[in-house]
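Just work.cif here, mmCIF, C-alpha atoms:
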data_query
#
loop_
_atom_site.label_atom_id
_atom_site.label_comp_id
_atom_site.auth_asym_id
_atom_site.auth_seq_id
_atom_site.Cartn_x
_atom_site.Cartn_y
_atom_site.Cartn_z
CA MET A 1274 20.42 14.97 95.86
CA SER A 1275 20.24 12.15 93.31
CA ILE A 1276 17.35 10.43 91.59
CA ALA A 1277 17.45 7.03 89.99
CA ILE A 1278 15.95 6.99 86.52
CA LYS A 1279 14.74 4.22 84.29
CA SER A 1280 16.65 1.19 85.49
CA SER A 1281 16.59 -1.44 82.76
CA GLY A 1282 16.41 -4.12 85.49
CA SER A 1283 12.83 -3.19 86.33
CA ALA A 1284 11.73 -2.54 82.73
CA PRO A 1285 8.73 -4.52 81.48
CA THR A 1286 9.45 -7.40 79.12
CA VAL A 1287 9.38 -6.34 75.49
CA SER A 1288 9.34 -8.69 72.52
CA SER A 1289 12.53 -9.03 70.49
CA LEU A 1290 10.58 -8.03 67.40
CA ARG A 1291 9.71 -4.66 68.94
CA LEU A 1292 13.31 -4.03 69.98
CA LEU A 1293 14.42 -4.88 66.45
CA ALA A 1294 11.71 -2.70 64.93
CA THR A 1295 12.71 0.27 67.15
CA LEU A 1296 16.39 0.05 66.20
CA GLY A 1297 15.51 -0.60 62.55
CA GLY A 1298 13.15 2.38 62.49
CA ALA A 1299 15.75 4.63 64.15
CA GLY A 1300 18.32 3.43 61.60
CA ALA A 1301 15.99 4.12 58.68
CA LEU A 1302 15.22 7.62 60.02
CA ALA A 1303 18.97 8.26 60.55
CA GLY A 1304 19.70 7.08 57.01
CA PHE A 1305 17.01 9.30 55.53
CA LEU A 1306 18.22 12.40 57.41
CA ILE A 1307 21.91 11.82 56.60
CA VAL A 1308 21.30 11.13 52.90
CA SER A 1309 19.05 14.20 52.64
CA ALA A 1310 21.69 16.41 54.31
CA TYR A 1311 24.42 14.89 52.12
CA THR A 1312 22.45 15.59 48.93
CA ALA A 1313 21.66 19.13 50.03
CA THR A 1314 25.18 20.08 51.15
CA LEU A 1315 27.34 18.22 48.58
CA PRO A 1316 27.28 20.95 45.89
CA GLY A 1317 28.37 23.56 48.44
CA ILE A 1318 31.12 21.32 49.87
CA GLU A 1319 32.50 20.49 46.41
CA ALA A 1320 32.39 24.15 45.36
CA ASN A 1321 34.31 25.15 48.52
CA ARG A 1322 36.96 22.48 47.93
CA ALA A 1323 37.37 23.47 44.27
CA ALA A 1324 37.61 27.17 45.18
CA THR A 1325 40.24 26.47 47.86
CA LEU A 1326 42.30 24.40 45.42
CA ASP A 1327 41.95 26.95 42.63
CA LEU A 1328 43.08 29.76 44.93
CA ALA A 1329 46.04 27.69 46.16
CA ILE A 1330 47.17 26.80 42.60
CA ARG A 1331 47.07 30.47 41.56
CA GLU A 1332 49.03 31.32 44.72
CA VAL A 1333 51.87 28.82 44.21
CA LEU A 1334 52.24 29.30 40.45
CA PRO A 1335 52.90 33.00 39.77
CA ARG A 1336 51.40 34.58 36.62
CA VAL A 1337 49.31 31.46 35.96
CA GLU A 1338 46.35 32.07 33.67
CA ARG A 1339 45.02 28.54 33.28
CA TYR A 1340 46.00 25.10 34.47
CA ASP A 1341 45.56 21.47 33.41
CA THR A 1342 45.03 18.57 35.77
CA LEU A 1343 47.45 15.71 35.09
CA TYR A 1344 46.65 12.18 36.27
CA LEU A 1345 49.33 9.63 37.11
CA GLN A 1346 48.35 6.29 35.61
CA ALA A 1347 50.73 3.32 35.35
CA GLY A 1348 53.68 5.64 35.98
CA VAL A 1349 52.73 8.03 33.16
CA LEU A 1350 51.27 11.55 33.45
CA SER A 1351 48.28 12.26 31.27
CA THR A 1352 45.63 14.96 30.93
CA GLU A 1353 43.02 12.30 30.26
CA ALA A 1354 40.88 11.67 33.31
CA PRO A 1355 40.70 7.97 34.18
CA GLN A 1356 37.39 6.20 34.51
CA ALA A 1357 35.81 6.87 37.89
CA ASP A 1358 36.90 4.21 40.36
CA PRO A 1359 36.26 5.11 44.01
CA ALA A 1360 38.68 2.39 45.18
CA HIS A 1361 41.67 3.79 43.25
CA LYS A 1362 41.78 7.58 43.15
CA PRO A 1363 44.64 8.55 40.81
CA GLU A 1364 47.36 10.92 42.02
CA THR A 1365 47.04 14.35 40.46
CA LEU A 1366 49.38 17.18 39.54
CA TYR A 1367 48.57 20.59 38.08
CA ALA A 1368 50.43 22.14 35.14
CA GLY A 1369 50.08 25.94 35.02
CA PHE A 1370 50.35 28.16 31.92
CA ASP A 1371 50.67 31.94 31.57
CA ALA A 1372 48.63 34.25 29.30
CA ASN A 1373 50.79 33.29 26.28
CA GLY A 1374 50.25 29.59 26.89
CA ALA A 1375 53.82 29.06 28.10
CA LEU A 1376 54.39 26.57 30.92
CA VAL A 1377 54.90 28.32 34.29
CA GLY A 1378 55.43 25.23 36.42
CA PHE A 1379 53.69 22.42 38.24
CA ALA A 1380 51.76 22.34 41.52
CA ALA A 1381 51.53 19.24 43.70
CA ALA A 1382 49.74 18.47 46.96
CA VAL A 1383 51.73 16.59 49.62
CA HIS A 1384 51.31 15.90 53.33
CA GLU A 1385 53.70 15.25 56.19
CA PRO A 1386 53.11 14.65 59.93
CA GLY A 1387 53.25 17.97 61.78
CA PHE A 1388 53.44 18.69 65.52
CA GLN A 1389 49.80 17.67 66.03
CA GLU A 1390 48.26 16.31 62.84
CA PRO A 1391 49.40 15.91 59.23
CA ILE A 1392 50.08 19.18 57.44
CA GLU A 1393 48.79 19.21 53.85
CA ILE A 1394 50.51 21.62 51.48
CA LEU A 1395 50.41 22.57 47.82
CA PHE A 1396 53.72 23.70 46.38
CA GLY A 1397 54.72 24.99 42.96
CA PHE A 1398 57.96 24.06 41.22
CA ASP A 1399 59.66 24.48 37.88
CA PRO A 1400 61.39 21.25 36.82
CA ARG A 1401 63.43 23.07 34.14
CA THR A 1402 65.20 25.36 36.62
CA LYS A 1403 64.74 23.02 39.62
CA ALA A 1404 63.36 25.95 41.63
CA SER A 1405 60.41 26.12 44.00
CA LEU A 1406 57.80 28.69 42.98
CA GLY A 1407 55.50 29.05 45.98
CA LEU A 1408 53.76 27.38 48.91
CA ALA A 1409 50.17 27.23 50.19
CA ILE A 1410 48.94 25.41 53.29
CA LEU A 1411 45.84 23.36 52.48
CA MET A 1412 45.30 21.89 55.95
CA SER A 1413 47.06 22.43 59.25
CA ARG A 1414 46.09 22.17 62.91
CA GLU A 1415 49.43 23.31 64.31
CA THR A 1416 49.66 25.08 67.68
CA PRO A 1417 48.02 28.52 67.52
CA GLY A 1418 50.60 31.28 68.01
CA LEU A 1419 53.54 28.95 67.28
CA GLY A 1420 53.29 26.23 64.63
CA ASP A 1421 50.44 27.96 62.84
CA LYS A 1422 52.90 30.70 61.81
CA ILE A 1423 53.70 28.42 58.84
CA GLN A 1424 50.51 29.90 57.40
CA ASP A 1425 51.84 33.48 57.56
CA GLU A 1426 52.29 34.93 54.11
CA ARG A 1427 55.68 36.41 54.97
CA TRP A 1428 57.06 33.01 55.96
CA ARG A 1429 55.59 31.28 52.91
CA GLN A 1430 57.03 33.92 50.55
CA GLN A 1431 60.49 32.45 51.22
CA PHE A 1432 59.53 29.46 49.07
CA GLY A 1433 59.40 31.52 45.87
CA GLY A 1434 62.57 31.09 43.78
CA ARG A 1435 64.54 28.76 46.10
CA MET A 1436 66.54 25.91 44.60
CA LEU A 1437 65.36 22.36 45.25
CA PRO A 1438 65.82 20.37 47.45
CA LEU A 1439 65.31 22.82 50.30
CA THR A 1440 67.21 22.98 53.58
CA GLY A 1441 65.83 24.50 56.79
CA ILE A 1442 68.07 26.77 58.85
CA LYS A 1443 67.64 28.39 62.26
CA THR A 1444 68.30 32.09 62.91
CA GLY A 1445 71.96 32.86 62.19
CA GLY A 1446 72.48 29.74 60.05
CA ALA A 1447 74.49 29.86 56.81
CA GLU A 1448 72.21 31.04 54.01
CA THR A 1449 72.31 29.65 50.46
CA ASP A 1450 69.90 29.74 47.49
CA ALA A 1451 68.26 26.56 48.85
CA THR A 1452 67.74 27.57 52.49
CA ILE A 1453 64.50 28.42 54.29
CA HIS A 1454 64.48 30.19 57.67
CA MET A 1455 62.49 28.02 60.07
CA VAL A 1456 59.86 29.60 62.36
CA THR A 1457 61.34 30.31 65.80
CA GLY A 1458 59.70 28.02 68.35
CA ALA A 1459 58.07 25.89 65.64
CA THR A 1460 60.96 23.85 64.27
CA ILE A 1461 58.87 20.67 63.94
CA SER A 1462 56.17 22.41 61.88
CA SER A 1463 58.76 24.18 59.68
CA ARG A 1464 60.68 20.94 59.12
CA ALA A 1465 57.42 19.16 58.23
CA VAL A 1466 56.65 21.72 55.51
CA ILE A 1467 60.20 21.72 54.10
CA GLY A 1468 60.22 17.89 54.26
CA ALA A 1469 56.87 17.77 52.44
CA VAL A 1470 58.23 19.93 49.60
CA ASN A 1471 61.33 17.76 49.25
CA LYS A 1472 59.23 14.59 49.39
CA GLY A 1473 56.96 15.99 46.68
CA VAL A 1474 59.91 16.90 44.48
CA GLU A 1475 61.39 13.43 44.87
CA ARG A 1476 58.02 11.88 44.03
CA TRP A 1477 57.10 14.02 41.03
CA MET A 1478 60.34 15.17 39.41
CA PRO A 1479 61.01 11.91 37.45
CA HIS A 1480 57.41 11.80 36.14
CA VAL A 1481 57.42 15.49 35.21
CA THR A 1482 60.82 15.25 33.49
CA ARG A 1483 59.55 12.32 31.43
CA TYR A 1484 56.33 14.22 30.67
CA LEU A 1485 58.27 17.27 29.43
CA GLN A 1486 60.51 15.08 27.28
CA GLY A 1487 57.41 13.91 25.49
CA GLY A 1488 56.83 10.60 27.22
CA ARG A 1489 53.10 11.20 27.55
CA SER A 1490 50.44 8.68 26.78
CA MET B 475 21.79 5.11 85.72
CA VAL B 476 21.82 8.02 88.15
CA VAL B 477 21.42 11.61 87.02
CA LYS B 478 22.16 14.63 89.20
CA ASP B 479 19.03 16.49 90.20
CA ARG B 480 19.63 20.07 91.32
CA GLY B 481 16.48 20.68 93.33
CA ALA B 482 12.84 20.73 92.27
CA GLY B 483 12.05 20.43 88.55
CA PRO B 484 10.96 23.52 86.60
CA LYS B 485 7.23 24.25 86.43
CA THR B 486 6.76 26.96 83.82
CA SER B 487 8.02 27.00 80.21
CA GLY B 488 10.15 30.04 81.04
CA GLU B 489 11.87 28.12 83.86
CA VAL B 490 12.52 25.17 81.52
CA LEU B 491 14.13 27.50 78.99
CA LEU B 492 16.17 29.62 81.39
CA ARG B 493 17.52 27.15 83.92
CA GLY B 494 20.01 25.67 81.41
CA VAL B 495 21.36 29.13 80.61
CA TRP B 496 22.74 29.83 84.09
CA ARG B 497 21.31 27.99 87.14
CA GLU B 498 22.07 24.60 85.56
CA ASN B 499 24.65 25.77 83.01
CA PRO B 500 26.15 22.57 81.53
CA VAL B 501 29.78 23.75 81.73
CA LEU B 502 29.94 26.19 84.64
CA MET B 503 27.51 24.48 87.06
CA GLN B 504 27.54 20.84 85.99
CA THR B 505 31.10 20.70 84.54
CA LEU B 506 29.89 18.76 81.49
CA GLY B 507 31.20 19.05 77.92
CA LEU B 508 34.64 20.19 79.10
CA CYS B 509 36.48 18.46 76.23
CA SER B 510 35.19 20.82 73.56
CA ALA B 511 35.06 23.74 76.02
CA LEU B 512 38.82 23.44 76.49
CA ALA B 513 39.76 22.49 72.93
CA VAL B 514 37.91 24.90 70.64
CA THR B 515 37.76 28.10 72.70
CA ASN B 516 41.06 29.57 71.47
CA ALA B 517 39.05 31.82 69.11
CA VAL B 518 35.66 33.52 69.50
CA GLU B 519 34.47 32.38 66.05
CA ASN B 520 35.22 28.74 66.86
CA SER B 521 33.50 29.01 70.27
CA LEU B 522 30.37 30.48 68.68
CA ALA B 523 30.28 27.90 65.87
CA MET B 524 30.72 24.99 68.29
CA GLY B 525 28.04 26.41 70.62
CA LEU B 526 25.53 26.86 67.79
CA ALA B 527 26.29 23.44 66.29
CA THR B 528 25.79 21.76 69.69
CA THR B 529 22.53 23.69 70.14
CA GLY B 530 21.37 22.41 66.74
CA VAL B 531 22.25 18.82 67.66
CA LEU B 532 20.51 19.17 71.05
CA LEU B 533 17.43 20.64 69.40
CA GLY B 534 17.12 17.95 66.69
CA SER B 535 17.83 15.07 69.08
CA SER B 536 15.41 16.32 71.76
CA LEU B 537 12.68 16.83 69.15
CA ILE B 538 12.98 13.25 67.84
CA VAL B 539 13.53 11.57 71.23
CA SER B 540 10.61 13.41 72.78
CA THR B 541 8.30 12.68 69.81
CA PHE B 542 9.01 8.94 69.89
CA ARG B 543 9.53 8.61 73.67
CA ARG B 544 6.51 6.32 74.14
CA TRP B 545 7.65 3.92 71.39
CA ILE B 546 11.30 3.57 72.45
CA PRO B 547 11.62 0.55 74.78
CA SER B 548 13.82 1.14 77.81
CA GLN B 549 16.14 -1.77 76.88
CA VAL B 550 17.36 -0.12 73.67
CA ARG B 551 16.94 3.54 74.62
CA ILE B 552 20.64 4.43 74.92
CA SER B 553 21.51 2.83 71.54
CA THR B 554 18.56 4.64 69.97
CA TYR B 555 19.52 8.02 71.50
CA ILE B 556 23.14 7.62 70.37
CA LEU B 557 21.98 6.77 66.85
CA ILE B 558 19.75 9.86 66.77
CA ILE B 559 22.49 12.11 68.22
CA ALA B 560 25.11 10.74 65.77
CA THR B 561 22.72 11.49 62.90
CA PHE B 562 22.36 15.14 63.89
CA VAL B 563 26.13 15.46 64.49
CA THR B 564 26.76 14.14 60.96
CA VAL B 565 24.22 16.60 59.57
CA ALA B 566 25.84 19.47 61.55
CA ASP B 567 29.28 18.42 60.23
CA MET B 568 28.05 18.56 56.61
CA VAL B 569 26.23 21.87 57.08
CA LEU B 570 29.30 23.51 58.67
CA GLU B 571 31.59 22.22 55.90
CA SER B 572 29.20 23.55 53.29
CA LEU B 573 28.50 26.98 54.84
CA VAL B 574 31.63 27.89 56.85
CA PRO B 575 34.53 25.74 55.57
CA THR B 576 37.24 27.68 57.42
CA ILE B 577 35.53 27.22 60.79
CA HIS B 578 34.81 23.58 59.92
CA LYS B 579 38.54 23.11 59.30
CA ALA B 580 39.46 24.87 62.55
CA LEU B 581 37.06 22.76 64.67
CA GLY B 582 38.48 19.57 63.14
CA PRO B 583 37.66 16.36 65.02
CA TYR B 584 35.72 18.15 67.77
CA ILE B 585 32.58 18.30 65.60
CA ALA B 586 32.43 14.50 65.38
CA LEU B 587 33.21 14.26 69.11
CA MET B 588 29.88 15.97 69.85
CA VAL B 589 28.40 12.45 69.69
CA THR B 590 30.16 11.66 72.98
CA ASN B 591 29.30 15.02 74.58
CA CYS B 592 27.53 14.13 77.83
CA ILE B 593 25.39 17.29 77.68
CA VAL B 594 23.54 15.97 74.61
CA LEU B 595 22.98 12.41 75.84
CA GLY B 596 22.27 13.70 79.36
CA ARG B 597 19.41 15.95 78.19
CA GLN B 598 17.82 13.09 76.23
CA GLU B 599 18.00 10.67 79.16
CA ALA B 600 17.04 13.15 81.89
CA PHE B 601 14.49 15.33 80.10
CA ALA B 602 13.44 14.69 76.48
CA SER B 603 12.59 11.01 77.13
CA ARG B 604 10.11 11.97 79.89
CA ASN B 605 8.62 15.29 78.72
CA PRO B 606 6.39 16.52 75.87
CA VAL B 607 7.90 17.93 72.67
CA GLY B 608 7.40 21.64 73.46
CA ARG B 609 9.12 21.48 76.86
CA SER B 610 11.92 19.30 75.45
CA VAL B 611 12.62 21.81 72.68
CA LEU B 612 12.75 24.63 75.25
CA ASP B 613 15.07 22.58 77.45
CA ALA B 614 17.37 21.91 74.46
CA LEU B 615 17.40 25.60 73.52
CA GLY B 616 18.21 26.61 77.12
CA SER B 617 21.01 24.05 77.50
CA GLY B 618 22.41 24.97 74.09
CA ALA B 619 22.35 28.68 74.93
CA GLY B 620 24.05 27.95 78.27
CA PHE B 621 26.76 25.91 76.53
CA THR B 622 27.29 28.66 73.92
CA LEU B 623 27.46 31.28 76.68
CA ALA B 624 30.09 29.26 78.58
CA LEU B 625 32.18 28.76 75.41
CA LEU B 626 32.06 32.51 74.70
CA MET B 627 33.00 33.31 78.31
CA MET B 628 36.13 31.24 77.70
CA GLY B 629 36.73 32.14 74.07
CA ILE B 630 36.53 35.94 74.35
CA PRO B 631 39.25 36.42 77.02
CA ARG B 632 41.42 33.71 75.45
CA GLU B 633 41.42 35.31 71.99
CA VAL B 634 41.69 38.90 73.25
CA LEU B 635 44.59 38.18 75.62
CA GLY B 636 46.23 35.41 73.59
CA ASN B 637 46.07 37.02 70.17
CA GLY B 638 45.10 40.65 70.81
CA THR B 639 42.05 40.24 68.56
CA PHE B 640 38.25 39.83 68.80
CA MET B 641 36.71 37.83 65.93
CA GLY B 642 39.97 38.41 64.06
CA VAL B 643 39.91 42.23 64.49
CA ASN B 644 42.82 43.78 66.43
CA VAL B 645 41.49 45.32 69.66
CA MET B 646 44.60 45.59 71.83
CA GLY B 647 46.67 47.96 69.72
CA PRO B 648 50.05 47.47 68.04
CA ARG B 649 52.09 47.67 71.28
CA PHE B 650 50.28 44.77 72.95
CA GLU B 651 52.41 41.66 73.39
CA PRO B 652 50.01 38.65 73.13
CA TRP B 653 49.93 36.19 76.05
CA VAL B 654 50.44 33.18 73.79
CA VAL B 655 49.76 30.77 76.68
CA MET B 656 46.09 31.79 76.63
CA ILE B 657 45.48 30.24 73.18
CA LEU B 658 47.52 27.15 74.01
CA PRO B 659 45.95 24.19 75.89
CA PRO B 660 47.15 25.41 79.35
CA GLY B 661 45.24 28.67 78.70
CA GLY B 662 42.03 26.65 78.39
CA PHE B 663 42.60 24.96 81.76
CA LEU B 664 43.52 28.32 83.33
CA MET B 665 40.38 30.00 82.00
CA ILE B 666 37.98 27.22 83.04
CA GLY B 667 39.63 27.22 86.48
CA VAL B 668 39.11 30.98 86.87
CA TRP B 669 35.44 30.74 85.84
CA LEU B 670 34.72 27.72 88.08
CA VAL B 671 36.28 29.50 91.09
CA LEU B 672 34.29 32.70 90.40
CA VAL B 673 31.00 30.84 89.88
CA SER B 674 31.48 28.65 93.00
CA TRP B 675 32.41 31.71 95.08
CA ARG B 676 29.25 33.54 93.90
CA GLU B 677 27.04 30.50 94.55
CA GLN B 678 28.55 30.07 98.02
CA ARG B 679 27.92 33.73 98.86
CA LYS B 680 24.32 33.40 97.71
CA ALA B 681 23.84 30.26 99.82
CA THR B 682 25.33 31.96 102.88
CA ALA B 683 23.09 35.02 102.40
CA ARG B 684 20.05 32.73 102.03
CA ALA B 685 20.93 30.83 105.22
CA ARG B 686 21.39 34.12 107.11
CA ALA B 687 18.05 35.43 105.88
CA GLN B 688 16.34 32.20 106.98
CA GLN B 689 17.99 32.42 110.43
CA SER B 690 16.92 36.04 110.91
CA SER B 691 13.34 35.34 109.82
CA ALA B 692 13.21 32.34 112.19
CA ALA B 693 14.56 34.54 115.02
CA ALA B 694 12.03 37.27 114.21
CA ALA B 695 9.21 34.71 114.25
CA ALA B 696 10.38 33.43 117.64
CA ILE B 697 10.45 36.99 119.08
CA ASN B 698 6.92 37.63 117.75
CA ARG B 699 5.66 34.41 119.35
CA GLU B 700 7.18 35.10 122.81
CA PRO B 701 4.92 37.99 123.99
CA ARG B 702 1.80 36.04 123.05
CA GLU B 703 3.05 33.05 125.03
CA VAL B 704 3.75 35.33 128.03
CA MET B 705 0.30 36.91 127.73
CA ALA B 706 -1.27 33.48 127.56
#
Rewrite the structure of this file - the entire thing - as structure tokens.
Amino acid sequence: MSIAIKSSGSAPTVSSLRLLATLGGAGALAGFLIVSAYTATLPGIEANRAATLDLAIREVLPRVERYDTLYLQAGVLSTEAPQADPAHKPETLYAGFDANGALVGFAAAVHEPGFQEPIEILFGFDPRTKASLGLAILMSRETPGLGDKIQDERWRQQFGGRMLPLTGIKTGGAETDATIHMVTGATISSRAVIGAVNKGVERWMPHVTRYLQGGRS
Amino acid sequence: MVVKDRGAGPKTSGEVLLRGVWRENPVLMQTLGLCSALAVTNAVENSLAMGLATTGVLLGSSLIVSTFRRWIPSQVRISTYILIIATFVTVADMVLESLVPTIHKALGPYIALMVTNCIVLGRQEAFASRNPVGRSVLDALGSGAGFTLALLMMGIPREVLGNGTFMGVNVMGPRFEPWVVMILPPGGFLMIGVWLVLVSWREQRKATARARAQQSSAAAAAINREPREVMA
């Protein structure tokens, strides 16, 4: 059985001013609720994001005690934070130091298209030895049971101490000091991660080399 | 606009609350909200979070729509409802990201897609816009509980069979080989198919039993009438 409800054809005539006032009032109420929720939840959201990033940096840079955020401005890396400009968020890199204050390496966030959506990773590397130090997955919506195995710790451990750039191999492939075994049944996801690391190295290595040689602002 | 009416409307507050849980369950009886029911039920935690978030959105939207129902002109009602629903979805998105960031990440775009969930708009159009606040809140709670129940009925078997775990805890033992298909998209279609068949079969059996009972009572009434007619 079906019932017809509220057909706008038979609705009584309403003045345009009232229609406008209804939509305006609903908009004002929506604005008030959203801004209130935003104000209330922002500290928690920012704290979560900072904690996730902090954990990832400590994961990809072994023995790291503290780290500095470096900002890329006009092609030069600097520890000085630029003036806040929401339209141009500067690219950032993290330089990690051990308990003695010695440089451990750098951590960079990169993303590449995965099987479903972009995979965002944070990887650590040492520009002096040209070796990768570790890998953390910041965001991934790969297929559960297949592509999401890129998040397994055992698979990610391969990225510690490999020479850059990396090459992905399937089971039985020739192994070198730059090879990573891809996840069986998730070649696209594995390739995306390996590609992201190589893309990050290509992007950051010249800047980091210049930074280490003293070309800082 | 035409909305499906499954028999007489509820009379008591208890009926308003309970009918959405099973008799008019949004997913299993009305096959609404299938997009999120198929997409997020590959883990119990995700199913529960999506169910509770949808309940929150239903509750907030029904409260506002019902409160202002006399002031919302029919010509702009759908735009107004969508605006109200989108507001509560945005609030739910922020609250989830703040309180349970891992689940928020796992649910991904499906939180925002709650705006287009026909269960939420359907309840505003069919119930909250024509009923007082108290009954509308009960209706929202009932529909939300029914939606959560349906998501859990899909999420529990999918995670247990597909991953060998329940809420992340291993329950199938080390020798169990997970049925990976259950946590992949085809597993969602398989599970909803199984539940829809079971629910339809049960409803059909109930209808047949009701019809038989009516026939026998009609026959008994006829037999009781006959001797009197003969005597007369």
Near chain A, meaning an atom within 10 Å, which residues of chain B appear when counting all atoms listed in the file? Write them as a PDB file with C-alpha atoms, in the coordinates of the input.
ATOM      1  CA  MET B 475      21.790   5.110  85.720  1.00  0.00           C
ATOM      2  CA  VAL B 476      21.820   8.020  88.150  1.00  0.00           C
ATOM      3  CA  VAL B 477      21.420  11.610  87.020  1.00  0.00           C
ATOM      4  CA  LYS B 478      22.160  14.630  89.200  1.00  0.00           C
ATOM      5  CA  ASP B 479      19.030  16.490  90.200  1.00  0.00           C
ATOM      6  CA  ARG B 480      19.630  20.070  91.320  1.00  0.00           C
ATOM      7  CA  GLY B 481      16.480  20.680  93.330  1.00  0.00           C
ATOM      8  CA  ASN B 516      41.060  29.570  71.470  1.00  0.00           C
ATOM      9  CA  ALA B 517      39.050  31.820  69.110  1.00  0.00           C
ATOM     10  CA  ILE B 538      12.980  13.250  67.840  1.00  0.00           C
ATOM     11  CA  PHE B 542       9.010   8.940  69.890  1.00  0.00           C
ATOM     12  CA  TRP B 545       7.650   3.920  71.390  1.00  0.00           C
ATOM     13  CA  ILE B 546      11.300   3.570  72.450  1.00  0.00           C
ATOM     14  CA  PRO B 547      11.620   0.550  74.780  1.00  0.00           C
ATOM     15  CA  SER B 548      13.820   1.140  77.810  1.00  0.00           C
ATOM     16  CA  GLN B 549      16.140  -1.770  76.880  1.00  0.00           C
ATOM     17  CA  VAL B 550      17.360  -0.120  73.670  1.00  0.00           C
ATOM     18  CA  ARG B 551      16.940   3.540  74.620  1.00  0.00           C
ATOM     19  CA  SER B 553      21.510   2.830  71.540  1.00  0.00           C
ATOM     20  CA  THR B 554      18.560   4.640  69.970  1.00  0.00           C
ATOM     21  CA  TYR B 555      19.520   8.020  71.500  1.00  0.00           C
ATOM     22  CA  LEU B 557      21.980   6.770  66.850  1.00  0.00           C
ATOM     23  CA  ILE B 558      19.750   9.860  66.770  1.00  0.00           C
ATOM     24  CA  ILE B 559      22.490  12.110  68.220  1.00  0.00           C
ATOM     25  CA  ALA B 560      25.110  10.740  65.770  1.00  0.00           C
ATOM     26  CA  THR B 561      22.720  11.490  62.900  1.00  0.00           C
ATOM     27  CA  PHE B 562      22.360  15.140  63.890  1.00  0.00           C
ATOM     28  CA  VAL B 563      26.130  15.460  64.490  1.00  0.00           C
ATOM     29  CA  THR B 564      26.760  14.140  60.960  1.00  0.00           C
ATOM     30  CA  VAL B 565      24.220  16.600  59.570  1.00  0.00           C
ATOM     31  CA  ALA B 566      25.840  19.470  61.550  1.00  0.00           C
ATOM     32  CA  ASP B 567      29.280  18.420  60.230  1.00  0.00           C
ATOM     33  CA  MET B 568      28.050  18.560  56.610  1.00  0.00           C
ATOM     34  CA  VAL B 569      26.230  21.870  57.080  1.00  0.00           C
ATOM     35  CA  LEU B 570      29.300  23.510  58.670  1.00  0.00           C
ATOM     36  CA  GLU B 571      31.590  22.220  55.900  1.00  0.00           C
ATOM     37  CA  SER B 572      29.200  23.550  53.290  1.00  0.00           C
ATOM     38  CA  LEU B 573      28.500  26.980  54.840  1.00  0.00           C
ATOM     39  CA  VAL B 574      31.630  27.890  56.850  1.00  0.00           C
ATOM     40  CA  PRO B 575      34.530  25.740  55.570  1.00  0.00           C
ATOM     41  CA  THR B 576      37.240  27.680  57.420  1.00  0.00           C
ATOM     42  CA  LYS B 579      38.540  23.110  59.300  1.00  0.00           C
ATOM     43  CA  ALA B 580      39.460  24.870  62.550  1.00  0.00           C
ATOM     44  CA  LEU B 581      37.060  22.760  64.670  1.00  0.00           C
ATOM     45  CA  GLY B 582      38.480  19.570  63.140  1.00  0.00           C
ATOM     46  CA  GLU B 599      18.000  10.670  79.160  1.00  0.00           C
ATOM     47  CA  ALA B 600      17.040  13.150  81.890  1.00  0.00           C
ATOM     48  CA  GLY B 636      46.230  35.410  73.590  1.00  0.00           C
ATOM     49  CA  ASN B 637      46.070  37.020  70.170  1.00  0.00           C
ATOM     50  CA  PRO B 652      50.010  38.650  73.130  1.00  0.00           C
ATOM     51  CA  TRP B 653      49.930  36.190  76.050  1.00  0.00           C
ATOM     52  CA  VAL B 654      50.440  33.180  73.790  1.00  0.00           C
ATOM     53  CA  VAL B 655      49.760  30.770  76.680  1.00  0.00           C
ATOM     54  CA  MET B 656      46.090  31.790  76.630  1.00  0.00           C
ATOM     55  CA  ILE B 657      45.480  30.240  73.180  1.00  0.00           C
ATOM     56  CA  LEU B 658      47.520  27.150  74.010  1.00  0.00           C
ATOM     57  CA  PRO B 659      45.950  24.190  75.890  1.00  0.00           C
TER      58      PRO B 659
END
Write out as a list in words which residues come within 12 Å of A:Thr1444 when counting only C-alpha atoms, dropping same-chain ones fewer than 5 positions away.
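Contacts, in chain order: Thr1452, Ile1453, His1454, Met1455, Val1456, Thr1457, Gly1458 and Thr1460 of chain A.
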Exercise: B:Leu522 partners within 9 Å, all atoms listed in the file, chain neighbours under 6 positions left out, as a CSV table (one decimal) with C-alpha atoms, in the frame of the given file:
chain,number,residue,atom,x,y,z
B,515,THR,CA,37.8,28.1,72.7
B,622,THR,CA,27.3,28.7,73.9
B,623,LEU,CA,27.5,31.3,76.7
B,625,LEU,CA,32.2,28.8,75.4
B,626,LEU,CA,32.1,32.5,74.7
B,629,GLY,CA,36.7,32.1,74.1
Expand the PyMOL selection byres ((chain B and resi 666) around 10) into the explicit residue set it covers here, and present it as a ChimeraX atom specification.
/B:501-502,505,508,511-512,624-625,627-628,661-665,667-672
Could you tell me how far atom CA of A:Tyr1484 sits from atom CA of A:Ser1351, in Å to one decimal place?
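Going from atom CA of A:Ser1351 over to atom CA of A:Tyr1484, I get 8.3 Å.
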Could you check the closest approach to B:Thr528 for each of B:Val673, B:Met641, B:Val514, B:Met588 and tell me which residue wins, using all atoms listed in the file?
B:Met588
All residues 12 Å or closer to A:Thr1482, only C-alpha atoms, same chain fewer than 4 positions away omitted, as JSON, numbers by chain:
{"A": [1349, 1350, 1378, 1379, 1399, 1400, 1401, 1402, 1403, 1474, 1475, 1476, 1477, 1478, 1486, 1487, 1488, 1489]}
Which residues come within 8 Å of A:Met1436, counting all atoms listed in the file, excluding same-chain residues fewer than 3 positions away, as an mmCIF file with C-alpha atoms, in the frame of the given file?
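Saved file around39.cif follows:
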data_model
loop_
_atom_site.group_PDB
_atom_site.id
_atom_site.type_symbol
_atom_site.label_atom_id
_atom_site.label_comp_id
_atom_site.auth_asym_id
_atom_site.auth_seq_id
_atom_site.Cartn_x
_atom_site.Cartn_y
_atom_site.Cartn_z
ATOM 1 C CA LYS A 1403 64.740 23.020 39.620
ATOM 2 C CA ALA A 1404 63.360 25.950 41.630
ATOM 3 C CA SER A 1405 60.410 26.120 44.000
ATOM 4 C CA LEU A 1439 65.310 22.820 50.300
ATOM 5 C CA ASP A 1450 69.900 29.740 47.490
ATOM 6 C CA ALA A 1451 68.260 26.560 48.850
#
